[in-house]
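*Asks:* Take a look at run00.csv, CSV, C-alpha atoms:
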```
chain,number,residue,atom,x,y,z
V,1,MET,CA,352.3,-117.0,-25.7
V,2,ALA,CA,350.9,-119.6,-28.1
V,3,TRP,CA,350.7,-122.1,-25.4
V,4,ASP,CA,348.9,-119.7,-23.0
V,5,TRP,CA,346.3,-118.9,-25.6
V,6,GLU,CA,345.4,-122.5,-26.3
V,7,LYS,CA,345.2,-123.1,-22.6
V,8,LEU,CA,342.8,-120.2,-22.2
V,9,GLN,CA,340.5,-121.5,-25.0
V,10,GLN,CA,340.3,-124.9,-23.4
V,11,GLN,CA,339.2,-123.4,-20.1
V,12,ARG,CA,336.5,-121.4,-21.9
V,13,ARG,CA,335.2,-124.5,-23.6
V,14,ARG,CA,334.8,-126.3,-20.3
V,15,HIS,CA,332.4,-123.6,-18.9
V,16,GLU,CA,330.3,-123.4,-22.1
V,17,SER,CA,327.4,-125.9,-22.8
V,18,PRO,CA,328.0,-128.5,-25.5
V,19,PRO,CA,326.5,-127.8,-29.0
V,20,PRO,CA,323.3,-129.6,-30.0
V,21,PRO,CA,323.7,-132.8,-31.8
V,22,GLN,CA,323.6,-132.6,-35.6
V,23,VAL,CA,321.5,-134.7,-37.9
V,24,ASN,CA,324.5,-136.5,-39.2
V,25,ASP,CA,325.4,-137.5,-35.7
V,26,ILE,CA,321.9,-138.9,-35.0
V,27,PHE,CA,321.9,-141.0,-38.1
V,28,ARG,CA,325.4,-142.2,-37.3
V,29,LYS,CA,324.3,-143.3,-33.8
V,30,PHE,CA,321.2,-145.0,-35.3
V,31,ARG,CA,323.3,-147.0,-37.7
V,32,GLY,CA,325.5,-147.9,-34.9
V,33,THR,CA,322.6,-149.4,-32.9
V,34,ARG,CA,321.0,-151.2,-35.8
V,35,GLY,CA,320.8,-154.9,-35.2
V,36,LYS,CA,320.9,-154.5,-31.4
V,37,VAL,CA,317.8,-155.5,-29.3
V,38,PRO,CA,316.4,-153.0,-26.7
V,39,PRO,CA,316.1,-154.2,-23.1
V,40,ILE,CA,312.9,-156.2,-22.2
V,41,GLY,CA,311.8,-153.6,-19.7
V,42,THR,CA,311.8,-150.9,-22.4
V,43,LEU,CA,309.7,-153.1,-24.8
V,44,PHE,CA,307.2,-153.8,-22.0
V,45,LEU,CA,306.9,-150.2,-21.1
V,46,ILE,CA,306.4,-149.2,-24.8
V,47,GLY,CA,303.7,-151.9,-25.2
V,48,ILE,CA,301.8,-150.6,-22.1
V,49,ILE,CA,301.9,-147.1,-23.4
V,50,ILE,CA,300.6,-148.1,-26.8
V,51,TYR,CA,297.9,-150.2,-25.4
V,52,ALA,CA,296.8,-147.5,-23.0
V,53,LEU,CA,296.7,-144.9,-25.8
V,54,SER,CA,294.6,-147.3,-27.9
V,55,THR,CA,292.0,-147.7,-25.2
V,56,MET,CA,291.6,-144.1,-24.4
V,57,PHE,CA,289.8,-143.1,-27.5
V,58,PHE,CA,286.6,-144.8,-28.8
V,59,THR,CA,283.6,-144.1,-31.1
V,60,VAL,CA,279.9,-144.3,-30.2
V,61,GLY,CA,277.4,-145.0,-33.0
V,62,VAL,CA,274.5,-142.7,-33.9
V,63,ASP,CA,271.9,-145.1,-32.5
V,64,GLU,CA,273.7,-145.8,-29.2
V,65,VAL,CA,275.3,-144.2,-26.1
V,66,GLY,CA,278.3,-145.1,-24.1
V,67,VAL,CA,278.1,-145.9,-20.4
V,68,ILE,CA,281.4,-145.3,-18.6
V,69,GLN,CA,282.4,-147.2,-15.5
V,70,ARG,CA,285.3,-146.2,-13.4
V,71,PHE,CA,286.7,-149.1,-11.4
V,72,GLY,CA,283.3,-150.9,-12.0
V,73,ARG,CA,281.2,-148.0,-10.7
V,74,PHE,CA,278.9,-145.9,-12.9
V,75,ALA,CA,280.6,-142.6,-13.9
V,76,ARG,CA,278.8,-140.9,-16.8
V,77,ILE,CA,277.0,-141.4,-20.2
V,78,VAL,CA,278.6,-140.2,-23.4
V,79,GLN,CA,276.8,-139.3,-26.6
V,80,PRO,CA,277.5,-140.5,-30.2
V,81,GLY,CA,280.8,-139.5,-31.8
V,82,LEU,CA,284.5,-139.7,-30.9
V,83,ASN,CA,285.0,-139.7,-27.1
V,84,PHE,CA,287.8,-140.0,-24.6
V,85,LYS,CA,288.2,-142.0,-21.4
V,86,LEU,CA,290.9,-143.1,-19.0
V,87,PRO,CA,292.9,-146.2,-20.0
V,88,ALA,CA,291.6,-149.7,-19.7
V,89,GLY,CA,291.6,-151.0,-16.2
V,90,ILE,CA,290.5,-147.6,-14.9
V,91,GLU,CA,287.5,-146.9,-17.0
V,92,LYS,CA,285.4,-149.2,-19.1
V,93,VAL,CA,282.8,-148.3,-21.8
V,94,THR,CA,279.6,-150.3,-22.5
V,95,LYS,CA,277.7,-149.3,-25.7
V,96,VAL,CA,273.9,-149.5,-25.4
V,97,LYS,CA,271.6,-149.2,-28.4
V,98,VAL,CA,268.9,-146.7,-27.3
V,99,LYS,CA,267.2,-146.3,-30.7
V,100,TYR,CA,267.1,-149.9,-31.8
V,101,VAL,CA,263.7,-151.6,-31.4
V,102,TYR,CA,264.1,-155.1,-29.9
V,103,LYS,CA,261.5,-157.8,-30.2
V,104,GLU,CA,260.5,-160.8,-28.0
V,105,GLU,CA,258.2,-163.5,-29.4
V,106,PHE,CA,255.8,-165.6,-27.3
V,107,GLY,CA,254.2,-168.9,-28.5
V,108,PHE,CA,256.4,-169.1,-31.6
V,109,ARG,CA,259.9,-168.2,-32.9
V,110,THR,CA,261.0,-166.7,-36.2
V,111,ILE,CA,263.2,-169.1,-38.1
V,112,ARG,CA,263.9,-167.0,-41.1
V,113,ALA,CA,262.6,-163.5,-41.8
V,114,GLY,CA,261.8,-162.3,-45.3
V,115,ILE,CA,259.0,-162.1,-47.8
V,116,ARG,CA,257.9,-165.6,-46.8
V,117,THR,CA,258.8,-165.6,-43.1
V,118,LYS,CA,259.1,-169.0,-41.5
V,119,TYR,CA,258.0,-169.6,-37.9
V,120,ALA,CA,258.4,-172.4,-35.5
V,121,SER,CA,255.5,-173.1,-33.1
V,122,GLY,CA,254.2,-175.9,-30.9
V,123,GLY,CA,256.2,-178.0,-28.5
V,124,ALA,CA,257.9,-175.9,-25.8
V,125,PHE,CA,256.6,-172.7,-27.5
V,126,LEU,CA,253.0,-173.8,-27.1
V,127,ASN,CA,253.1,-173.6,-23.3
V,128,GLU,CA,253.8,-169.9,-23.6
V,129,SER,CA,250.6,-169.2,-25.5
V,130,LEU,CA,248.2,-171.6,-23.8
V,131,MET,CA,245.9,-169.5,-21.5
V,132,LEU,CA,242.7,-169.9,-19.6
V,133,THR,CA,240.0,-167.4,-20.4
V,134,GLY,CA,237.4,-165.9,-18.1
V,135,ASP,CA,234.7,-168.3,-19.2
V,136,LEU,CA,237.0,-171.3,-18.4
V,137,ASN,CA,238.0,-172.0,-22.0
V,138,VAL,CA,241.5,-172.7,-23.2
V,139,ALA,CA,242.9,-170.3,-25.9
V,140,VAL,CA,246.1,-170.2,-27.9
V,141,VAL,CA,247.4,-166.6,-27.8
V,142,PRO,CA,250.7,-165.9,-29.5
V,143,TRP,CA,252.0,-162.4,-29.3
V,144,THR,CA,255.1,-160.2,-29.8
V,145,VAL,CA,256.5,-157.4,-27.6
V,146,GLN,CA,258.6,-154.6,-29.2
V,147,TYR,CA,260.6,-152.4,-26.9
V,148,ARG,CA,263.5,-149.8,-26.7
V,149,ILE,CA,266.1,-149.1,-24.0
V,150,SER,CA,265.0,-145.7,-22.6
V,151,ASP,CA,267.3,-145.5,-19.6
V,152,PRO,CA,270.8,-147.1,-20.1
V,153,TYR,CA,271.7,-146.7,-16.4
V,154,LYS,CA,268.7,-148.7,-15.1
V,155,TYR,CA,269.0,-151.2,-17.9
V,156,LEU,CA,272.6,-152.1,-17.0
V,157,PHE,CA,272.7,-151.7,-13.2
V,158,LYS,CA,269.2,-152.0,-11.7
V,159,VAL,CA,268.1,-155.5,-12.9
V,160,ARG,CA,270.4,-158.5,-13.3
V,161,ASN,CA,268.7,-160.1,-16.3
V,162,VAL,CA,266.4,-157.6,-18.1
V,163,LYS,CA,265.4,-159.9,-20.9
V,164,ALA,CA,264.2,-162.7,-18.6
V,165,THR,CA,262.4,-160.1,-16.4
V,166,LEU,CA,260.7,-158.7,-19.5
V,167,ARG,CA,259.5,-162.2,-20.7
V,168,ASP,CA,258.2,-163.2,-17.2
V,169,LEU,CA,256.3,-159.9,-16.7
V,170,SER,CA,255.0,-160.0,-20.3
V,171,GLU,CA,253.6,-163.5,-19.9
V,172,ALA,CA,252.1,-162.7,-16.5
V,173,THR,CA,250.5,-159.6,-17.8
V,174,MET,CA,249.0,-161.3,-20.9
V,175,ARG,CA,247.6,-164.1,-18.8
V,176,LEU,CA,246.0,-161.5,-16.5
V,177,VAL,CA,244.3,-159.6,-19.3
V,178,VAL,CA,243.1,-162.8,-21.1
V,179,GLY,CA,241.8,-164.2,-17.9
V,180,ASP,CA,239.3,-161.4,-17.6
V,181,ARG,CA,237.7,-162.0,-21.0
V,182,SER,CA,235.7,-164.6,-22.7
V,183,ILE,CA,237.0,-166.8,-25.5
V,184,ASN,CA,235.0,-164.9,-28.1
V,185,GLU,CA,236.5,-161.6,-26.9
V,186,VAL,CA,240.0,-163.1,-27.0
V,187,ILE,CA,239.4,-164.1,-30.7
V,188,SER,CA,237.6,-161.0,-31.9
V,189,LYS,CA,239.1,-158.1,-29.8
V,190,ARG,CA,242.8,-158.6,-30.2
V,191,GLN,CA,243.6,-154.9,-30.6
V,192,GLU,CA,241.8,-154.0,-27.4
V,193,ILE,CA,243.6,-156.7,-25.5
V,194,ALA,CA,247.0,-155.7,-26.9
V,195,LEU,CA,246.5,-152.0,-25.8
V,196,GLN,CA,245.4,-153.0,-22.3
V,197,ALA,CA,248.4,-155.4,-22.0
V,198,LYS,CA,250.8,-152.7,-23.2
V,199,ASP,CA,249.7,-150.2,-20.5
V,200,LEU,CA,249.8,-152.8,-17.8
V,201,LEU,CA,253.2,-154.2,-18.8
V,202,GLN,CA,254.7,-150.7,-19.0
V,203,ARG,CA,253.6,-150.0,-15.4
V,204,GLU,CA,255.2,-153.2,-14.2
V,205,MET,CA,258.5,-152.5,-16.1
V,206,ASP,CA,258.7,-149.0,-14.7
V,207,ARG,CA,258.1,-150.4,-11.2
V,208,ALA,CA,260.9,-152.9,-11.7
V,209,GLN,CA,263.2,-150.1,-12.9
V,210,THR,CA,264.3,-152.0,-16.0
V,211,GLY,CA,264.8,-148.8,-18.1
V,212,ILE,CA,262.7,-150.3,-20.9
V,213,LYS,CA,260.0,-148.5,-23.0
V,214,ILE,CA,257.4,-150.8,-24.5
V,215,VAL,CA,256.8,-149.7,-28.1
V,216,THR,CA,253.9,-152.0,-29.0
V,217,ILE,CA,252.3,-155.4,-28.3
V,218,GLU,CA,250.9,-157.3,-31.2
V,219,LEU,CA,248.6,-160.3,-30.9
V,220,LYS,CA,248.9,-162.9,-33.6
V,221,LYS,CA,246.0,-165.0,-34.8
V,222,THR,CA,244.3,-166.4,-31.7
V,223,ASN,CA,242.4,-169.7,-31.6
V,224,VAL,CA,241.5,-172.7,-29.5
V,225,PRO,CA,243.8,-175.7,-29.3
V,226,GLU,CA,243.7,-177.9,-32.4
V,227,PRO,CA,242.1,-181.0,-30.8
V,228,VAL,CA,238.9,-179.0,-29.8
V,229,GLN,CA,238.7,-176.8,-33.0
V,230,PRO,CA,235.9,-179.0,-34.6
V,231,SER,CA,233.7,-178.8,-31.5
V,232,PHE,CA,234.5,-175.1,-31.1
V,233,ASN,CA,233.5,-174.5,-34.8
V,234,GLU,CA,230.2,-176.3,-34.2
V,235,VAL,CA,229.5,-174.1,-31.2
V,236,ASN,CA,230.2,-171.0,-33.2
V,237,GLU,CA,227.9,-172.2,-36.0
V,238,ALA,CA,225.1,-172.8,-33.4
V,239,ILE,CA,225.7,-169.4,-31.9
V,240,GLN,CA,225.5,-167.8,-35.4
V,241,GLU,CA,222.3,-169.6,-36.1
V,242,LYS,CA,220.9,-168.4,-32.8
V,243,GLU,CA,221.9,-164.8,-33.6
V,244,GLN,CA,220.4,-165.1,-37.0
V,245,MET,CA,217.1,-166.4,-35.6
V,246,ILE,CA,217.1,-163.6,-33.0
V,247,TYR,CA,217.8,-161.1,-35.8
V,248,LYS,CA,214.8,-162.4,-37.8
V,249,ALA,CA,212.6,-162.3,-34.8
V,250,ARG,CA,213.6,-158.8,-34.0
V,251,GLU,CA,212.9,-157.8,-37.7
V,252,ALA,CA,209.4,-159.3,-37.5
V,253,TYR,CA,208.9,-157.7,-34.2
V,254,ASN,CA,209.9,-154.3,-35.6
V,255,LYS,CA,207.5,-154.7,-38.4
V,256,VAL,CA,204.4,-155.9,-36.4
V,257,ILE,CA,204.7,-154.2,-33.1
V,258,PRO,CA,205.0,-150.6,-34.4
V,259,LYS,CA,202.0,-151.2,-36.8
V,260,ALA,CA,199.9,-152.6,-33.9
V,261,ARG,CA,200.9,-149.7,-31.7
V,262,GLY,CA,199.9,-147.3,-34.5
V,263,GLU,CA,196.5,-149.0,-35.0
V,264,ALA,CA,196.0,-149.0,-31.2
V,265,GLU,CA,196.9,-145.4,-31.0
V,266,LYS,CA,194.5,-144.6,-33.9
V,267,THR,CA,191.7,-146.5,-32.2
V,268,ILE,CA,192.3,-144.7,-28.9
V,269,ARG,CA,192.3,-141.4,-30.7
V,270,GLU,CA,189.0,-142.2,-32.5
V,271,ALA,CA,187.4,-143.4,-29.3
V,272,GLU,CA,188.6,-140.2,-27.6
V,273,GLY,CA,187.1,-138.1,-30.4
V,274,TYR,CA,183.9,-140.0,-30.4
V,275,ALA,CA,183.6,-139.6,-26.6
V,276,LEU,CA,184.3,-135.9,-26.9
V,277,GLU,CA,181.7,-135.6,-29.6
V,278,ARG,CA,179.1,-137.4,-27.6
V,279,ILE,CA,179.9,-135.4,-24.5
V,280,ASN,CA,179.7,-132.1,-26.4
V,281,LYS,CA,176.4,-133.2,-28.0
V,282,ALA,CA,175.0,-134.3,-24.6
V,283,LYS,CA,176.0,-130.9,-23.2
V,284,GLY,CA,174.3,-129.2,-26.1
V,285,ASP,CA,171.1,-131.2,-25.6
V,286,VAL,CA,171.1,-130.4,-21.9
V,287,ALA,CA,171.6,-126.7,-22.6
V,288,ARG,CA,168.9,-126.8,-25.3
V,289,PHE,CA,166.5,-128.6,-22.9
V,290,ASN,CA,167.2,-126.1,-20.2
V,291,GLN,CA,166.4,-123.3,-22.5
V,292,LEU,CA,163.2,-125.0,-23.7
V,293,TYR,CA,162.2,-125.6,-20.1
V,294,GLU,CA,162.8,-122.0,-19.2
V,295,GLU,CA,160.5,-120.9,-22.1
V,296,TYR,CA,158.0,-123.6,-21.2
V,297,VAL,CA,157.7,-122.3,-17.7
V,298,LYS,CA,157.1,-118.9,-19.0
V,299,ALA,CA,154.4,-119.9,-21.6
V,300,LYS,CA,153.4,-123.6,-21.3
V,301,GLU,CA,150.7,-123.7,-24.0
V,302,ILE,CA,152.7,-121.8,-26.6
V,303,THR,CA,155.7,-123.9,-26.0
V,304,LYS,CA,153.7,-127.1,-26.3
V,305,LYS,CA,152.2,-126.0,-29.6
V,306,ARG,CA,155.6,-124.9,-31.0
V,307,LEU,CA,157.2,-128.2,-30.0
V,308,TYR,CA,154.3,-130.0,-31.6
V,309,LEU,CA,154.6,-128.1,-34.9
V,310,GLU,CA,158.4,-128.6,-35.0
V,311,ALA,CA,157.9,-132.3,-34.4
V,312,ILE,CA,155.3,-132.6,-37.1
V,313,LYS,CA,157.5,-130.7,-39.5
V,314,ASP,CA,160.3,-133.1,-39.0
V,315,ILE,CA,157.9,-136.1,-39.4
V,316,TYR,CA,156.4,-134.8,-42.7
V,317,LEU,CA,159.8,-134.3,-44.1
V,318,LYS,CA,160.6,-137.9,-43.6
V,319,ILE,CA,157.4,-139.5,-44.9
V,320,GLY,CA,156.5,-139.7,-48.6
V,321,LYS,CA,153.2,-138.4,-50.0
V,322,LYS,CA,150.7,-136.9,-47.6
V,323,TYR,CA,146.9,-137.2,-47.8
V,324,ILE,CA,144.9,-134.6,-45.9
V,325,ILE,CA,141.3,-136.0,-45.5
V,326,ASP,CA,138.4,-134.2,-44.2
V,327,ALA,CA,136.6,-135.7,-41.3
V,328,ASP,CA,133.3,-135.8,-43.2
V,329,GLN,CA,134.8,-137.6,-46.3
V,330,LYS,CA,133.3,-141.0,-46.7
V,331,ASN,CA,134.6,-142.4,-50.0
V,332,LEU,CA,138.5,-142.5,-50.0
V,333,LEU,CA,138.9,-145.5,-52.2
V,334,PRO,CA,138.3,-143.8,-55.6
V,335,ILE,CA,141.0,-141.3,-54.9
V,336,LEU,CA,143.5,-144.1,-54.3
V,337,ASN,CA,142.4,-145.9,-57.4
V,338,LEU,CA,142.9,-142.8,-59.4
V,339,GLU,CA,146.4,-142.5,-58.2
V,340,LYS,CA,147.2,-146.0,-59.4
V,341,ALA,CA,145.7,-145.3,-62.8
V,342,GLU,CA,147.8,-142.3,-63.2
V,343,GLY,CA,150.9,-144.3,-62.3
V,344,ALA,CA,150.0,-146.9,-65.0
V,345,LYS,CA,149.7,-144.3,-67.7
V,346,LYS,CA,153.1,-143.0,-67.0
```
Just dump the structure as structure tokens.
*Replies:*
Amino acid sequence: MAWDWEKLQQQRRRHESPPPPQVNDIFRKFRGTRGKVPPIGTLFLIGIIIYALSTMFFTVGVDEVGVIQRFGRFARIVQPGLNFKLPAGIEKVTKVKVKYVYKEEFGFRTIRAGIRTKYASGGAFLNESLMLTGDLNVAVVPWTVQYRISDPYKYLFKVRNVKATLRDLSEATMRLVVGDRSINEVISKRQEIALQAKDLLQREMDRAQTGIKIVTIELKKTNVPEPVQPSFNEVNEAIQEKEQMIYKAREAYNKVIPKARGEAEKTIREAEGYALERINKAKGDVARFNQLYEEYVKAKEITKKRLYLEAIKDIYLKIGKKYIIDADQKNLLPILNLEKAEGAKK
């Protein structure tokens, strides 16, 4: 019976699943394999898995975005933070700084930036800034262009060399704007030229689909080439003297001409007043004469006598002393002598 029982237990163990391995068994097996090298295929597979996992996760900075390409073709754009993509070889990420302001310099280069910034100019850089103005003068116009990347997709895939395109279009735009102005405008109206060049350059960059946004264009100190600066200064001095003389002449003109115009206006007004007075007086005399004539026609003798008396009255008022002499008076001289004697006594 004992043998049959053991045989039954063995058959039952065959049909049951084996128990899970214990921790001690695992450590025992690990100690047993210590010092043994895994197969090369296993190591290669483990390395591929670790590399794939390390390329699936990446971080994008706060001032940039990530452009994902799948087998070289554009797939999507990811925002700042921790992101996930397919392993390397399948998807590739290119980080583009969209908030950083880039700068391109024309006619000079910055050697060292700081409180006392050092620049390099002349030589090959001078050709960038030499321009022909609208009045056929040569000007040295250095400037800078500041820009941002507004469209990462266009920036990466639409133009082969965005920086070279920007420099070529910026130089062509500035030459176009400067070529429409005189040398004096180029020197004195830099802000106006910069704004016009910015608008024109932005239109050209949008037309080329570069994905760039022009922030600002700044013109540095503009001047004429160094060999002609003395002659140019003499011309400017002559122009200033000319403007000064014109200003003085206009000042004298403004003093004399208004005064002469005022006096002429005054004379005209006085003449008009005198003419009006004479006309009114003449009209009055005519009216008076007409009235007298009407009365004269009615009574000629009376009118003649009245006119005579009025005339005598006016005459007597104007002469001094009057002597009324009788027609029969013969001796007038004693009376005149008496008047002289009275005057002597006084």
*Asks:* Which residues are close to Arg190 in chain V, i.e. within 12 Å by only C-alpha atoms, leaving aside same-chain residues fewer than 6 positions away? Reply as a PyMOL selection string.
*Replies:* chain V and resi 141-143+174+177-178+181-184+196-197+217-223
*Asks:* For a test of reading the model, state the distance in Å between CA of Gly211 in chain V and CA of Tyr155 in chain V, rounded to one decimal.
*Replies:*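 Straight-line distance from CA of Gly211 in chain V to CA of Tyr155 in chain V works out to 4.8 Å.
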*Asks:* Would you mind telling me which residue in V:Thr94, V:Ser188, V:Ser170, V:Thr210 lies nearest to Ser129 in chain V when using only C-alpha atoms?
*Replies:*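 Nearest to Ser129 in chain V: V:Ser170.
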